[in-house]
file work-v6.cif (mmCIF, C-alpha atoms)
data_coords
loop_
_atom_site.group_PDB
_atom_site.id
_atom_site.type_symbol
_atom_site.label_atom_id
_atom_site.label_comp_id
_atom_site.auth_asym_id
_atom_site.auth_seq_id
_atom_site.Cartn_x
_atom_site.Cartn_y
_atom_site.Cartn_z
ATOM 1 C CA MET A 1 -6.735 88.290 81.305
ATOM 2 C CA MET A 2 -9.950 89.145 79.486
ATOM 3 C CA GLY A 3 -11.561 90.392 82.669
ATOM 4 C CA GLU A 4 -8.602 92.510 83.807
ATOM 5 C CA THR A 5 -8.344 96.257 83.458
ATOM 6 C CA LEU A 6 -7.143 97.010 79.971
ATOM 7 C CA ARG A 7 -4.184 99.156 79.113
ATOM 8 C CA PRO A 8 -5.312 102.385 77.405
ATOM 9 C CA GLU A 9 -3.464 101.356 74.267
ATOM 10 C CA ALA A 10 -5.327 98.035 74.239
ATOM 11 C CA ARG A 11 -8.649 99.855 74.113
ATOM 12 C CA MET A 12 -7.332 102.162 71.404
ATOM 13 C CA TRP A 13 -5.997 99.395 69.163
ATOM 14 C CA GLY A 14 -9.079 97.249 69.706
ATOM 15 C CA LEU A 15 -11.568 100.037 69.011
ATOM 16 C CA PRO A 16 -12.036 99.262 65.276
ATOM 17 C CA GLY A 17 -12.525 95.524 65.825
ATOM 18 C CA ARG A 18 -13.038 93.679 62.557
ATOM 19 C CA SER A 19 -12.622 96.894 60.546
ATOM 20 C CA TYR A 20 -8.886 96.712 61.261
ATOM 21 C CA ASP A 21 -8.773 93.900 58.714
ATOM 22 C CA GLY A 22 -8.837 96.585 56.026
ATOM 23 C CA ILE A 23 -5.570 97.958 57.407
ATOM 24 C CA SER A 24 -4.076 94.461 57.342
ATOM 25 C CA PHE A 25 -5.215 94.204 53.712
ATOM 26 C CA GLY A 26 -3.124 97.287 52.957
ATOM 27 C CA LEU A 27 -0.106 95.618 54.599
ATOM 28 C CA SER A 28 -0.713 92.184 53.151
ATOM 29 C CA ASP A 29 2.357 92.242 50.908
ATOM 30 C CA THR A 30 4.763 92.551 53.843
ATOM 31 C CA ILE A 31 2.708 90.239 56.054
ATOM 32 C CA SER A 32 2.915 87.544 53.390
ATOM 33 C CA HIS A 33 6.641 88.042 52.871
ATOM 34 C CA THR A 34 7.299 87.886 56.619
ATOM 35 C CA VAL A 35 5.457 84.562 56.804
ATOM 36 C CA GLN A 36 7.636 83.417 53.909
ATOM 37 C CA ALA A 37 10.685 84.555 55.886
ATOM 38 C CA LEU A 38 9.547 82.317 58.737
ATOM 39 C CA TRP A 39 8.452 79.507 56.374
ATOM 40 C CA PRO A 40 6.154 77.601 58.763
ATOM 41 C CA ARG A 41 6.126 73.857 58.275
ATOM 42 C CA PRO A 42 3.262 71.412 58.903
ATOM 43 C CA GLY A 43 2.906 70.611 62.589
ATOM 44 C CA GLU A 44 5.285 73.302 63.803
ATOM 45 C CA ARG A 45 4.277 75.396 66.800
ATOM 46 C CA ILE A 46 4.172 79.044 65.767
ATOM 47 C CA LEU A 47 3.506 82.125 67.923
ATOM 48 C CA ASP A 48 2.183 85.324 66.317
ATOM 49 C CA ILE A 49 2.725 88.354 68.592
ATOM 50 C CA GLY A 50 0.444 91.350 68.103
ATOM 51 C CA THR A 51 -1.698 89.225 65.834
ATOM 52 C CA GLY A 52 -4.316 91.927 65.166
ATOM 53 C CA THR A 53 -7.054 90.371 63.067
ATOM 54 C CA GLY A 54 -4.884 87.307 62.490
ATOM 55 C CA TRP A 55 -3.544 87.673 58.939
ATOM 56 C CA ALA A 56 -0.112 86.227 59.676
ATOM 57 C CA ALA A 57 -1.600 83.569 61.951
ATOM 58 C CA ARG A 58 -3.944 82.371 59.211
ATOM 59 C CA LEU A 59 -1.179 82.297 56.604
ATOM 60 C CA ALA A 60 0.980 80.218 58.930
ATOM 61 C CA ALA A 61 -1.970 77.894 59.605
ATOM 62 C CA TRP A 62 -2.562 77.600 55.860
ATOM 63 C CA ARG A 63 0.985 76.222 55.673
ATOM 64 C CA GLY A 64 -0.057 73.539 58.174
ATOM 65 C CA ALA A 65 1.412 74.998 61.359
ATOM 66 C CA SER A 66 -0.208 74.935 64.785
ATOM 67 C CA VAL A 67 -0.541 78.650 65.498
ATOM 68 C CA THR A 68 -1.177 80.676 68.638
ATOM 69 C CA GLY A 69 -1.882 84.379 68.154
ATOM 70 C CA VAL A 70 -1.641 86.866 71.016
ATOM 71 C CA ASP A 71 -2.660 90.498 71.261
ATOM 72 C CA ILE A 72 -3.300 93.000 74.057
ATOM 73 C CA ALA A 73 -6.618 94.117 72.511
ATOM 74 C CA PRO A 74 -9.771 92.024 73.007
ATOM 75 C CA GLY A 75 -11.358 93.799 70.036
ATOM 76 C CA MET A 76 -8.618 92.442 67.786
ATOM 77 C CA LEU A 77 -8.861 88.943 69.235
ATOM 78 C CA GLU A 78 -12.622 88.770 68.736
ATOM 79 C CA ALA A 79 -12.159 89.749 65.105
ATOM 80 C CA ALA A 80 -9.332 87.253 64.626
ATOM 81 C CA GLU A 81 -11.481 84.452 66.043
ATOM 82 C CA ALA A 82 -14.368 85.255 63.713
ATOM 83 C CA LEU A 83 -12.189 85.649 60.628
ATOM 84 C CA SER A 84 -10.332 82.399 61.311
ATOM 85 C CA ALA A 85 -13.412 80.177 61.387
ATOM 86 C CA GLY A 86 -12.983 77.253 59.013
ATOM 87 C CA PHE A 87 -9.185 77.190 59.028
ATOM 88 C CA VAL A 88 -7.649 73.756 59.592
ATOM 89 C CA PRO A 89 -5.659 73.714 61.756
ATOM 90 C CA ARG A 90 -7.470 76.687 63.248
ATOM 91 C CA PRO A 91 -5.291 79.254 65.032
ATOM 92 C CA VAL A 92 -5.837 79.722 68.758
ATOM 93 C CA PHE A 93 -6.024 83.286 70.044
ATOM 94 C CA GLN A 94 -5.504 84.667 73.531
ATOM 95 C CA GLN A 95 -4.845 87.962 75.267
ATOM 96 C CA ALA A 96 -1.225 88.552 76.238
ATOM 97 C CA ALA A 97 1.453 91.239 76.092
ATOM 98 C CA ALA A 98 4.786 90.705 74.370
ATOM 99 C CA GLU A 99 6.615 91.487 77.627
ATOM 100 C CA GLU A 100 4.739 88.773 79.561
ATOM 101 C CA LEU A 101 4.145 85.776 77.343
ATOM 102 C CA PRO A 102 2.148 83.117 79.254
ATOM 103 C CA PHE A 103 4.018 80.161 77.754
ATOM 104 C CA ARG A 104 6.661 77.772 78.981
ATOM 105 C CA ASP A 105 10.285 77.972 77.918
ATOM 106 C CA LYS A 106 11.026 76.472 74.475
ATOM 107 C CA SER A 107 7.310 76.139 73.653
ATOM 108 C CA PHE A 108 7.541 77.194 69.993
ATOM 109 C CA ASP A 109 9.409 76.375 66.812
ATOM 110 C CA GLY A 110 8.853 79.843 65.357
ATOM 111 C CA VAL A 111 7.818 83.350 66.403
ATOM 112 C CA ILE A 112 6.457 85.973 64.032
ATOM 113 C CA SER A 113 5.304 89.556 64.507
ATOM 114 C CA THR A 114 4.152 91.880 61.743
ATOM 115 C CA TYR A 115 4.146 95.475 63.026
ATOM 116 C CA GLY A 116 3.010 94.236 66.441
ATOM 117 C CA VAL A 117 5.889 93.715 68.862
ATOM 118 C CA ILE A 118 7.351 97.069 67.764
ATOM 119 C CA PHE A 119 4.711 98.762 69.944
ATOM 120 C CA SER A 120 5.731 96.888 73.106
ATOM 121 C CA ARG A 121 6.277 98.983 76.234
ATOM 122 C CA GLU A 122 9.605 97.328 77.049
ATOM 123 C CA PRO A 123 11.340 96.252 73.838
ATOM 124 C CA SER A 124 14.321 94.544 75.481
ATOM 125 C CA ARG A 125 12.002 92.504 77.680
ATOM 126 C CA ALA A 126 9.878 91.580 74.653
ATOM 127 C CA VAL A 127 12.979 90.333 72.838
ATOM 128 C CA ALA A 128 13.953 88.299 75.893
ATOM 129 C CA GLU A 129 10.477 86.784 76.032
ATOM 130 C CA MET A 130 10.553 85.846 72.350
ATOM 131 C CA ALA A 131 13.883 84.130 72.911
ATOM 132 C CA ARG A 132 12.632 82.371 76.044
ATOM 133 C CA VAL A 133 9.594 80.763 74.414
ATOM 134 C CA LEU A 134 11.555 79.666 71.328
ATOM 135 C CA ARG A 135 13.473 76.433 71.300
ATOM 136 C CA PRO A 136 17.193 76.698 70.502
ATOM 137 C CA GLY A 137 17.450 76.879 66.719
ATOM 138 C CA GLY A 138 13.879 78.143 66.497
ATOM 139 C CA ARG A 139 13.117 80.787 63.894
ATOM 140 C CA LEU A 140 12.075 84.428 64.175
ATOM 141 C CA ALA A 141 10.504 86.711 61.549
ATOM 142 C CA LEU A 142 9.566 90.353 62.079
ATOM 143 C CA ALA A 143 8.139 93.142 59.962
ATOM 144 C CA THR A 144 9.056 96.551 61.365
ATOM 145 C CA TRP A 145 8.811 100.137 60.176
ATOM 146 C CA ALA A 146 12.165 101.499 59.052
ATOM 147 C CA ASP A 147 13.504 104.428 61.048
ATOM 148 C CA GLU A 148 13.100 106.987 58.274
ATOM 149 C CA PRO A 149 12.428 110.437 59.835
ATOM 150 C CA ASP A 150 11.335 111.969 56.541
ATOM 151 C CA GLY A 151 9.466 108.892 55.393
ATOM 152 C CA TYR A 152 5.732 108.351 55.156
ATOM 153 C CA ILE A 153 5.270 106.395 58.395
ATOM 154 C CA ALA A 154 7.110 108.870 60.631
ATOM 155 C CA ARG A 155 5.241 111.796 59.075
ATOM 156 C CA PHE A 156 1.938 109.891 59.315
ATOM 157 C CA PHE A 157 2.293 109.333 63.064
ATOM 158 C CA ALA A 158 3.473 112.920 63.514
ATOM 159 C CA LEU A 159 0.292 114.123 61.805
ATOM 160 C CA VAL A 160 -1.903 112.007 64.069
ATOM 161 C CA GLY A 161 0.075 113.236 67.085
ATOM 162 C CA GLU A 162 -0.651 116.852 66.185
ATOM 163 C CA TRP A 163 -4.380 116.186 66.613
ATOM 164 C CA SER A 164 -4.225 113.754 69.537
ATOM 165 C CA ASP A 165 -3.928 114.356 73.272
ATOM 166 C CA ALA A 166 -2.721 110.788 73.835
ATOM 167 C CA PRO A 167 0.758 110.524 75.387
ATOM 168 C CA PRO A 168 3.560 109.201 73.176
ATOM 169 C CA PRO A 169 4.397 105.512 73.555
ATOM 170 C CA PRO A 170 6.879 104.716 76.345
ATOM 171 C CA ALA A 171 9.301 103.290 73.772
ATOM 172 C CA SER A 172 9.662 104.353 70.154
ATOM 173 C CA PRO A 173 8.490 101.725 67.632
ATOM 174 C CA PHE A 174 11.123 103.126 65.287
ATOM 175 C CA ASP A 175 13.877 101.627 67.451
ATOM 176 C CA TRP A 176 12.949 98.361 65.738
ATOM 177 C CA GLY A 177 13.592 100.041 62.381
ATOM 178 C CA ARG A 178 17.318 100.655 62.927
ATOM 179 C CA SER A 179 19.845 97.991 61.997
ATOM 180 C CA SER A 180 22.174 99.107 64.805
ATOM 181 C CA TRP A 181 19.443 98.631 67.432
ATOM 182 C CA LEU A 182 18.322 95.312 65.982
ATOM 183 C CA ASN A 183 21.876 93.972 65.903
ATOM 184 C CA ALA A 184 22.514 95.114 69.491
ATOM 185 C CA ILE A 185 19.233 94.058 71.122
ATOM 186 C CA VAL A 186 17.772 91.283 68.961
ATOM 187 C CA GLY A 187 21.209 90.121 67.822
ATOM 188 C CA GLU A 188 22.157 89.362 71.429
ATOM 189 C CA ARG A 189 19.872 86.315 71.338
ATOM 190 C CA PHE A 190 19.361 85.657 67.631
ATOM 191 C CA LYS A 191 21.475 85.375 64.530
ATOM 192 C CA ILE A 192 19.644 87.847 62.287
ATOM 193 C CA ASP A 193 19.369 89.005 58.694
ATOM 194 C CA ILE A 194 17.777 92.378 57.868
ATOM 195 C CA ARG A 195 16.316 93.394 54.520
ATOM 196 C CA GLU A 196 14.558 96.561 53.445
ATOM 197 C CA GLN A 197 11.218 96.288 51.676
ATOM 198 C CA VAL A 198 8.886 98.921 50.283
ATOM 199 C CA THR A 199 5.282 98.054 51.090
ATOM 200 C CA THR A 200 2.973 100.084 48.866
ATOM 201 C CA LEU A 201 -0.579 101.072 49.703
ATOM 202 C CA TYR A 202 -2.729 101.350 46.583
ATOM 203 C CA ALA A 203 -6.107 103.057 46.862
ATOM 204 C CA PRO A 204 -8.507 104.803 44.468
ATOM 205 C CA ASP A 205 -8.490 108.209 46.187
ATOM 206 C CA VAL A 206 -7.719 110.098 49.394
ATOM 207 C CA ALA A 207 -11.310 109.797 50.645
ATOM 208 C CA THR A 208 -11.027 106.016 50.528
ATOM 209 C CA VAL A 209 -7.817 106.081 52.554
ATOM 210 C CA TRP A 210 -9.468 108.337 55.127
ATOM 211 C CA ASN A 211 -12.487 106.040 55.452
ATOM 212 C CA GLU A 212 -10.262 102.967 55.853
ATOM 213 C CA TYR A 213 -8.200 104.603 58.599
ATOM 214 C CA VAL A 214 -10.928 106.417 60.533
ATOM 215 C CA THR A 215 -12.924 103.191 60.786
ATOM 216 C CA GLY A 216 -10.097 100.640 60.893
ATOM 217 C CA PHE A 217 -6.954 102.076 62.494
ATOM 218 C CA GLY A 218 -7.062 102.562 66.256
ATOM 219 C CA PRO A 219 -4.875 105.690 66.566
ATOM 220 C CA VAL A 220 -6.841 107.544 63.870
ATOM 221 C CA ALA A 221 -10.237 106.298 65.038
ATOM 222 C CA ALA A 222 -9.527 107.203 68.680
ATOM 223 C CA THR A 223 -8.128 110.623 67.767
ATOM 224 C CA TYR A 224 -11.144 111.451 65.629
ATOM 225 C CA ALA A 225 -13.594 110.242 68.288
ATOM 226 C CA ALA A 226 -11.910 112.350 71.005
ATOM 227 C CA LEU A 227 -11.912 115.591 69.014
ATOM 228 C CA PRO A 228 -14.627 118.206 69.534
ATOM 229 C CA GLN A 229 -17.122 118.159 66.707
ATOM 230 C CA ASP A 230 -15.836 121.450 65.296
ATOM 231 C CA GLN A 231 -12.294 120.029 64.907
ATOM 232 C CA ARG A 232 -13.123 116.748 63.231
ATOM 233 C CA ASP A 233 -13.454 118.244 59.768
ATOM 234 C CA GLY A 234 -10.041 119.861 60.233
ATOM 235 C CA PHE A 235 -8.436 116.528 61.108
ATOM 236 C CA ARG A 236 -9.956 114.885 58.062
ATOM 237 C CA ALA A 237 -8.847 117.759 55.823
ATOM 238 C CA ALA A 238 -5.268 117.558 57.147
ATOM 239 C CA PHE A 239 -5.242 113.782 56.708
ATOM 240 C CA GLU A 240 -6.471 113.970 53.130
ATOM 241 C CA GLU A 241 -4.099 116.819 52.260
ATOM 242 C CA PHE A 242 -1.200 114.761 53.604
ATOM 243 C CA HIS A 243 -2.106 111.936 51.207
ATOM 244 C CA ARG A 244 -2.889 114.073 48.172
ATOM 245 C CA PRO A 245 0.727 114.173 46.836
ATOM 246 C CA PHE A 246 0.548 110.389 46.393
ATOM 247 C CA ALA A 247 -2.432 110.661 44.032
ATOM 248 C CA SER A 248 -2.459 110.409 40.267
ATOM 249 C CA SER A 249 -5.157 110.047 37.643
ATOM 250 C CA LEU A 250 -5.088 106.290 38.349
ATOM 251 C CA GLY A 251 -5.325 106.538 42.137
ATOM 252 C CA LEU A 252 -2.935 106.598 45.068
ATOM 253 C CA ALA A 253 0.327 104.700 45.471
ATOM 254 C CA VAL A 254 1.844 105.275 48.928
ATOM 255 C CA PRO A 255 5.340 103.765 49.430
ATOM 256 C CA ARG A 256 6.287 102.835 52.997
ATOM 257 C CA LEU A 257 9.748 101.582 53.921
ATOM 258 C CA ALA A 258 9.806 98.504 56.121
ATOM 259 C CA LEU A 259 12.339 95.967 57.355
ATOM 260 C CA VAL A 260 11.897 92.209 57.221
ATOM 261 C CA VAL A 261 14.033 90.591 59.905
ATOM 262 C CA ARG A 262 14.829 86.881 59.900
ATOM 263 C CA GLY A 263 16.442 85.257 62.901
ATOM 264 C CA VAL A 264 17.515 81.963 64.431
ATOM 265 C CA ARG A 265 17.584 81.450 68.196
ATOM 266 C CA LEU A 266 21.127 81.102 69.457
#
call {"tool": "encode", "arguments": {"input": "work-v6.cif", "output": "structure tokens"}}
result
Amino acid sequence: MMGETLRPEARMWGLPGRSYDGISFGLSDTISHTVQALWPRPGERILDIGTGTGWAARLAAWRGASVTGVDIAPGMLEAAEALSAGFVPRPVFQQAAAEELPFRDKSFDGVISTYGVIFSREPSRAVAEMARVLRPGGRLALATWADEPDGYIARFFALVGEWSDAPPPPASPFDWGRSSWLNAIVGERFKIDIREQVTTLYAPDVATVWNEYVTGFGPVAATYAALPQDQRDGFRAAFEEFHRPFASSLGLAVPRLALVVRGVRL
């Protein structure tokens, strides 16, 4: 697939390359807890969907699992490969979309996705694919953004959308943040448990958060790059103003409501 025409969103997400690892660092609390929710065991076959720079894949490998990480963005996969050097067993990475997993039925003991599969074009098909590649009784663990219209994440993406000409995603990632949707769509194939978790971003100041996102987060980096020069300062000012209420004399603390979903394949 590496030579095929890339989806526009694959180019966007892959744009920061290794710099995206700073964004994963800011999400590392939930990533770690989602790996705990999966609890990979030595020798188990684990699939990480939307692996990004491979944080969850490496944590699962550290537990002794045989891990395959997939992502639609070559830029992410190149970074994941480089950052995973020296891990034993070393995760394997390949390009694939959640809706078209290139694996045989019942190939894995566990599937994990930390804020990755929620951006799939066809969520129901992605759920079906996760179920297909899992053996019966296999385990599922997801980190998703809670559907909280007034929360930080919804307002963050709304801010980026105000400055971007990119079309909205074909399916809302916040569908995955509603218990009713998860029970109806994921619960059709998995017995699931859903827990809320606040994942907090700590940073010294708003300028630091801006620098992390404009260099490391595809939607912000692509939006900034596409703006005319005379609008870029305005985007940065709006971004920093949005984050200023989270600041104190000791730095920023930005709470973000997430869900950790555990499942077992029926």
call {"tool": "resolve_selection", "arguments": {"input": "work-v6.cif", "expression": "the PyMOL selection byres ((chain A and resi 111) around 9)", "output": "ChimeraX atom specification"}}
result
/A:38,45-49,108-110,112-113,130-131,133-134,138-142
call {"tool": "axis_aligned_box", "arguments": {"input": "work-v6.cif", "around": "region 160-176 of chain A", "padding_each_side": "6 Å", "output": "AutoDock Vina command-line options"}}
result
--center_x 4.7 --center_y 107.6 --center_z 70.2 --size_x 30.3 --size_y 30.5 --size_z 24.3
call {"tool": "resolve_selection", "arguments": {"input": "work-v6.cif", "expression": "the PyMOL selection byres ((chain A and resi 203) around 10)", "output": "PyMOL selection string"}}
result
chain A and resi 26+200-202+204-209+212+246-247+250-254
call {"tool": "write_last_selection", "arguments": {"input": "work-v6.cif", "atoms": "C-alpha atoms", "output": "tab-separated table (two decimals), in the frame of the given file"}}
result
chain	number	residue	atom	x	y	z
A	26	GLY	CA	-3.12	97.29	52.96
A	200	THR	CA	2.97	100.08	48.87
A	201	LEU	CA	-0.58	101.07	49.70
A	202	TYR	CA	-2.73	101.35	46.58
A	204	PRO	CA	-8.51	104.80	44.47
A	205	ASP	CA	-8.49	108.21	46.19
A	206	VAL	CA	-7.72	110.10	49.39
A	207	ALA	CA	-11.31	109.80	50.64
A	208	THR	CA	-11.03	106.02	50.53
A	209	VAL	CA	-7.82	106.08	52.55
A	212	GLU	CA	-10.26	102.97	55.85
A	246	PHE	CA	0.55	110.39	46.39
A	247	ALA	CA	-2.43	110.66	44.03
A	250	LEU	CA	-5.09	106.29	38.35
A	251	GLY	CA	-5.32	106.54	42.14
A	252	LEU	CA	-2.94	106.60	45.07
A	253	ALA	CA	0.33	104.70	45.47
A	254	VAL	CA	1.84	105.28	48.93
call {"tool": "resolve_selection", "arguments": {"input": "work-v6.cif", "expression": "the PyMOL selection byres ((chain A and resi 55-60) around 10)", "output": "JSON, numbers by chain"}}
result
{"A": [21, 24, 25, 27, 28, 30, 31, 32, 33, 34, 35, 36, 38, 39, 40, 41, 42, 44, 45, 46, 47, 48, 49, 50, 51, 52, 53, 54, 61, 62, 63, 64, 65, 66, 67, 68, 69, 70, 80, 83, 84, 85, 87, 88, 89, 90, 91, 92, 93, 112, 113, 114]}
call {"tool": "closest_residue", "arguments": {"input": "work-v6.cif", "among": "A:Ala146, A:Pro219, A:Pro136, A:Glu188", "to": "Asp165 (chain A)", "atoms": "only C-alpha atoms"}}
result
A:Pro219
call {"tool": "atom_distance", "arguments": {"input": "work-v6.cif", "atom1": "CA of Pro245 (chain A)", "atom2": "CA of Glu148 (chain A)"}}
result
18.3 Å
call {"tool": "atom_distance", "arguments": {"input": "work-v6.cif", "atom1": "CA of Phe242 (chain A)", "atom2": "CA of Ser179 (chain A)"}}
result
28.2 Å
call {"tool": "closest_residue", "arguments": {"input": "work-v6.cif", "among": "A:Phe157, A:Trp145, A:Tyr115, A:Phe217", "to": "Leu259 (chain A)", "atoms": "only C-alpha atoms"}}
result
A:Trp145
call {"tool": "atom_distance", "arguments": {"input": "work-v6.cif", "atom1": "CA of Trp210 (chain A)", "atom2": "CA of Arg232 (chain A)"}}
result
12.2 Å
call {"tool": "closest_residue", "arguments": {"input": "work-v6.cif", "among": "A:Trp163, A:Trp13, A:Trp181, A:Phe174", "to": "Pro228 (chain A)", "atoms": "all atoms listed in the file"}}
result
A:Trp163
